[in-house]
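To start, the structure itself, in structure tokens.
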Amino acid sequence: TSHYTAWWYKYHILETLPYDFKRETEFINKILVENPKSYQAWHYMQWLVDKSPEFHDQIPFLKSTFIIDEKNFHAWSFSIWYAERWNQYNEVYLLALHQIKIDMRNNSAWNTRRTIGEKLNVDIEKEFNDVEDSLLQIGKNESACNFAMSLVDKKVELKDRLKSLANKMIEMKPDNFYAYRLLLYVANTDNDTSEIHHICDELIKLDTIRAPYYSLLKAGKIKFQ
């Protein structure tokens with residue numbers, strides 16, 4: 001299934017020959033069940049759905065795929081493409097919400113929610129309410145933290161709420177460096193040098209893997225990212 005040359009020949013030949021969409025779908029579905037991380041197979045799946053003149057609902061197949069691996073990057077990438085190709089934004093958005101409910105640490109689902117949510121122009125405050133509830137349940141969740149910061153990027157008025165949320169997270173778990181990173185985001189948004197230095201000192205102690213990054217940030221040699 002990783003033989004990319006064979007896949008290339010297969011779909012280029014089928015571009016000139018008639019084929020049965022249902023039969024090809026059954027063929028590729030079986031392969032993806034056994035080889036869910038084969039990007040060649042996913043590429044073929046995308047080609048097959050793209051070339052069809054008719055709409056074919058892919059949500060049931062994606063749901064079954066996520067039962068096997070709920071964080072399958074290839075499947076989530078396909079879901080975003082599928083939403084754009086067939087205007088299935090709402091369906092994929094709801095799928096992302098469902099998978100987040102199953103596992104709040106599903107980074108691929110959070111990323112898809114953010115990407116598709118922008119297309120749907122969803123209510124940013126409602127999204128913030130949801131991610132706030134999530135972080136109060138599971139504070140050490142990088143994907144949810146990134147999602148929260150992306151919302152403030154779009155609506156700066158939520159900045160104070162983000163700061164309050166971060167402080168609540170610290171009250172619950174004083175060693176939660178993800179919460180301090182939220183505070184660092186706010187401090188950089190405010191361009192508060194003194195606060196940036198203070199938070200960096202805390203993060204150097206708590207998030208030792210990224211300590212060099214915080215040291216450079218504190219010294220003003222790099223910008224916050």
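Every chain in the structure tokens takes a letter, A first, then B, and so on in the order presented; its residues are numbered from 1, and the ligands are numbered from 1 following the presented order.
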In range 8-216 of chain A, DSSP alpha helix (DSSP H) residues written as a PyMOL selection string: chain A and resi 8-14+21-34+39-51+59-68+73-86+89-102+107-120+124-137+142-154+159-172+177-190+193-206+211-216
At a cut-off of 7 Å, using only C-alpha atoms, what residues contact range 124-132 of chain A? Leave out same-chain residues fewer than 4 positions from it and give the result as an MDAnalysis selection string. chainID A and resid 136 144 148 151 165
Would you mind exporting the chosen residues as an mmCIF file, in the first residue's frame, restricted to N, CA and C atoms?
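This went into part.cif:
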```cif
data_model
loop_
_atom_site.group_PDB
_atom_site.id
_atom_site.type_symbol
_atom_site.label_atom_id
_atom_site.label_comp_id
_atom_site.auth_asym_id
_atom_site.auth_seq_id
_atom_site.Cartn_x
_atom_site.Cartn_y
_atom_site.Cartn_z
ATOM 1 N N LEU A 136 -10.968 24.224 31.985
ATOM 2 C CA LEU A 136 -11.222 24.131 33.428
ATOM 3 C C LEU A 136 -11.375 22.676 33.859
ATOM 4 N N ALA A 144 -6.109 22.840 23.212
ATOM 5 C CA ALA A 144 -7.176 23.747 23.629
ATOM 6 C C ALA A 144 -6.627 25.141 23.914
ATOM 7 N N ALA A 148 -7.739 28.581 22.147
ATOM 8 C CA ALA A 148 -8.180 29.770 22.885
ATOM 9 C C ALA A 148 -7.429 31.007 22.420
ATOM 10 N N LEU A 151 -8.647 32.355 19.141
ATOM 11 C CA LEU A 151 -9.902 33.098 19.251
ATOM 12 C C LEU A 151 -9.647 34.542 19.662
ATOM 13 N N LEU A 165 -8.985 33.194 32.880
ATOM 14 C CA LEU A 165 -9.002 31.733 32.747
ATOM 15 C C LEU A 165 -7.649 31.150 33.130
#
```
Calculate how many Å separate CA of Gln137 in chain A from CA of Asp207 in chain A, rounding to one decimal. 20.9 Å
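Between CA of Tyr178 in chain A and CA of Lys140 in chain A there is a distance of 6.1 Å.
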Give me the residues near Val186 in chain A as a tab-separated table (two decimals) with N, CA and C atoms, in the first residue's frame, where near means some atom within 9 Å (using only C-alpha atoms) and where sequence neighbours in that chain fewer than 6 positions away do not count.
```
chain	number	residue	atom	x	y	z
A	149	MET	N	-6.12	30.90	22.24
A	149	MET	CA	-5.34	32.05	21.78
A	149	MET	C	-5.74	32.47	20.37
A	159	LYS	N	-9.42	39.04	25.53
A	159	LYS	CA	-8.11	38.94	26.17
A	159	LYS	C	-8.21	38.88	27.69
A	160	ASP	N	-9.03	39.72	28.29
A	160	ASP	CA	-9.17	39.74	29.75
A	160	ASP	C	-9.76	38.43	30.26
A	162	LEU	N	-9.32	35.56	28.82
A	162	LEU	CA	-8.26	34.57	28.71
A	162	LEU	C	-7.31	34.67	29.90
A	163	LYS	N	-6.99	35.88	30.29
A	163	LYS	CA	-6.11	36.08	31.44
A	163	LYS	C	-6.74	35.54	32.71
A	192	ASP	N	3.78	44.20	27.62
A	192	ASP	CA	4.14	44.46	29.02
A	192	ASP	C	5.47	43.75	29.32
```
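Between Lys22 in chain A and the residues A:Glu142, A:Asp69, A:Asp103, A:Glu54, the shortest atom-to-atom distance, using only C-alpha atoms, involves A:Glu54.
Among the candidate residues A:Arg85, A:Lys154, A:Arg181, A:Lys168, the one lying nearest to His56 in chain A is A:Arg85, with distances computed using only C-alpha atoms.
If only C-alpha atoms are the atoms counted, then among A:Phe55, A:Leu14, A:Lys155, A:Leu97 the closest residue to Asp123 in chain A is A:Lys155.
Shell of Glu34 in chain A at 12 Å, with only C-alpha atoms counted and residues fewer than 6 places along the chain excluded, is Thr1, Phe27, Ile28, Ala41, Thr65, Ile68 and Asp69 of chain A.
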Dump all heavy atoms for the selected residues as a compact mmCIF listing (two decimals), in the first residue's frame?
```txt
# COMPACT_ATOMS: atom_id res chain seq x y z
N THR A 1 0.82 -1.23 0.00
CA THR A 1 0.00 0.00 0.00
C THR A 1 0.85 1.27 0.00
O THR A 1 0.32 2.35 -0.22
CB THR A 1 -0.92 0.03 1.23
OG1 THR A 1 -0.13 -0.07 2.42
CG2 THR A 1 -1.93 -1.09 1.18
N PHE A 27 -12.91 -0.94 -2.48
CA PHE A 27 -11.50 -1.31 -2.55
C PHE A 27 -10.65 -0.43 -1.64
O PHE A 27 -9.87 -0.92 -0.82
CB PHE A 27 -11.04 -1.19 -4.01
CG PHE A 27 -9.55 -1.18 -4.20
CD1 PHE A 27 -8.82 -2.35 -4.17
CD2 PHE A 27 -8.88 0.02 -4.42
CE1 PHE A 27 -7.44 -2.33 -4.35
CE2 PHE A 27 -7.50 0.04 -4.59
CZ PHE A 27 -6.78 -1.14 -4.57
N ILE A 28 -10.83 0.88 -1.75
CA ILE A 28 -9.98 1.80 -0.98
C ILE A 28 -10.36 1.81 0.50
O ILE A 28 -9.51 1.95 1.38
CB ILE A 28 -10.02 3.23 -1.58
CG1 ILE A 28 -8.92 4.10 -0.97
CG2 ILE A 28 -11.38 3.87 -1.39
CD1 ILE A 28 -7.52 3.61 -1.25
N ALA A 41 -2.78 5.91 -0.01
CA ALA A 41 -4.17 5.46 -0.09
C ALA A 41 -5.14 6.63 0.13
O ALA A 41 -6.17 6.73 -0.55
CB ALA A 41 -4.42 4.37 0.95
N THR A 65 -13.41 5.53 10.63
CA THR A 65 -11.95 5.67 10.67
C THR A 65 -11.50 6.17 12.04
O THR A 65 -10.49 5.70 12.58
CB THR A 65 -11.49 6.66 9.58
OG1 THR A 65 -11.85 6.15 8.29
CG2 THR A 65 -9.98 6.86 9.64
N ILE A 68 -11.05 3.72 14.82
CA ILE A 68 -9.76 3.03 14.79
C ILE A 68 -8.66 3.93 15.35
O ILE A 68 -7.85 3.52 16.18
CB ILE A 68 -9.40 2.60 13.36
CG1 ILE A 68 -10.47 1.66 12.80
CG2 ILE A 68 -8.02 1.94 13.31
CD1 ILE A 68 -10.32 1.36 11.33
N ASP A 69 -8.64 5.18 14.89
CA ASP A 69 -7.62 6.14 15.32
C ASP A 69 -8.23 7.53 15.27
O ASP A 69 -8.33 8.13 14.20
CB ASP A 69 -6.38 6.05 14.43
CG ASP A 69 -5.28 7.01 14.87
OD1 ASP A 69 -5.47 7.74 15.85
OD2 ASP A 69 -4.21 7.02 14.21
```
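In this model, the gap between CA of Phe73 in chain A and CA of Tyr9 in chain A comes to 24.9 Å.
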For Ser52 in chain A, find every residue with an atom within 12 Å (counting only C-alpha atoms), except residues of its own chain fewer than 2 positions away, and show them as an NGL selection string. :A and (14-15 or 18-22 or 24-25 or 45-50 or 54-57 or 85-86)
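Closest approach to Asp175 in chain A among A:Arg210, A:His43, A:Lys119, A:Lys205: A:Lys205, based on only C-alpha atoms.
Minimum distance to Asn72 in chain A across A:Ile222, A:Pro53, A:Ser108, A:Tyr39 (counting only C-alpha atoms) occurs at A:Ser108.
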Would you kindly return, as a PyMOL selection string, each protein, DNA or RNA residue with an atom no farther than 12 Å from any atom of Ser79 in chain A, considering only C-alpha atoms and excluding same-chain residues fewer than 5 positions away? chain A and resi 42+45-46+49+57-63+65-66+72-74+84-96+108-109+111-113+115-116
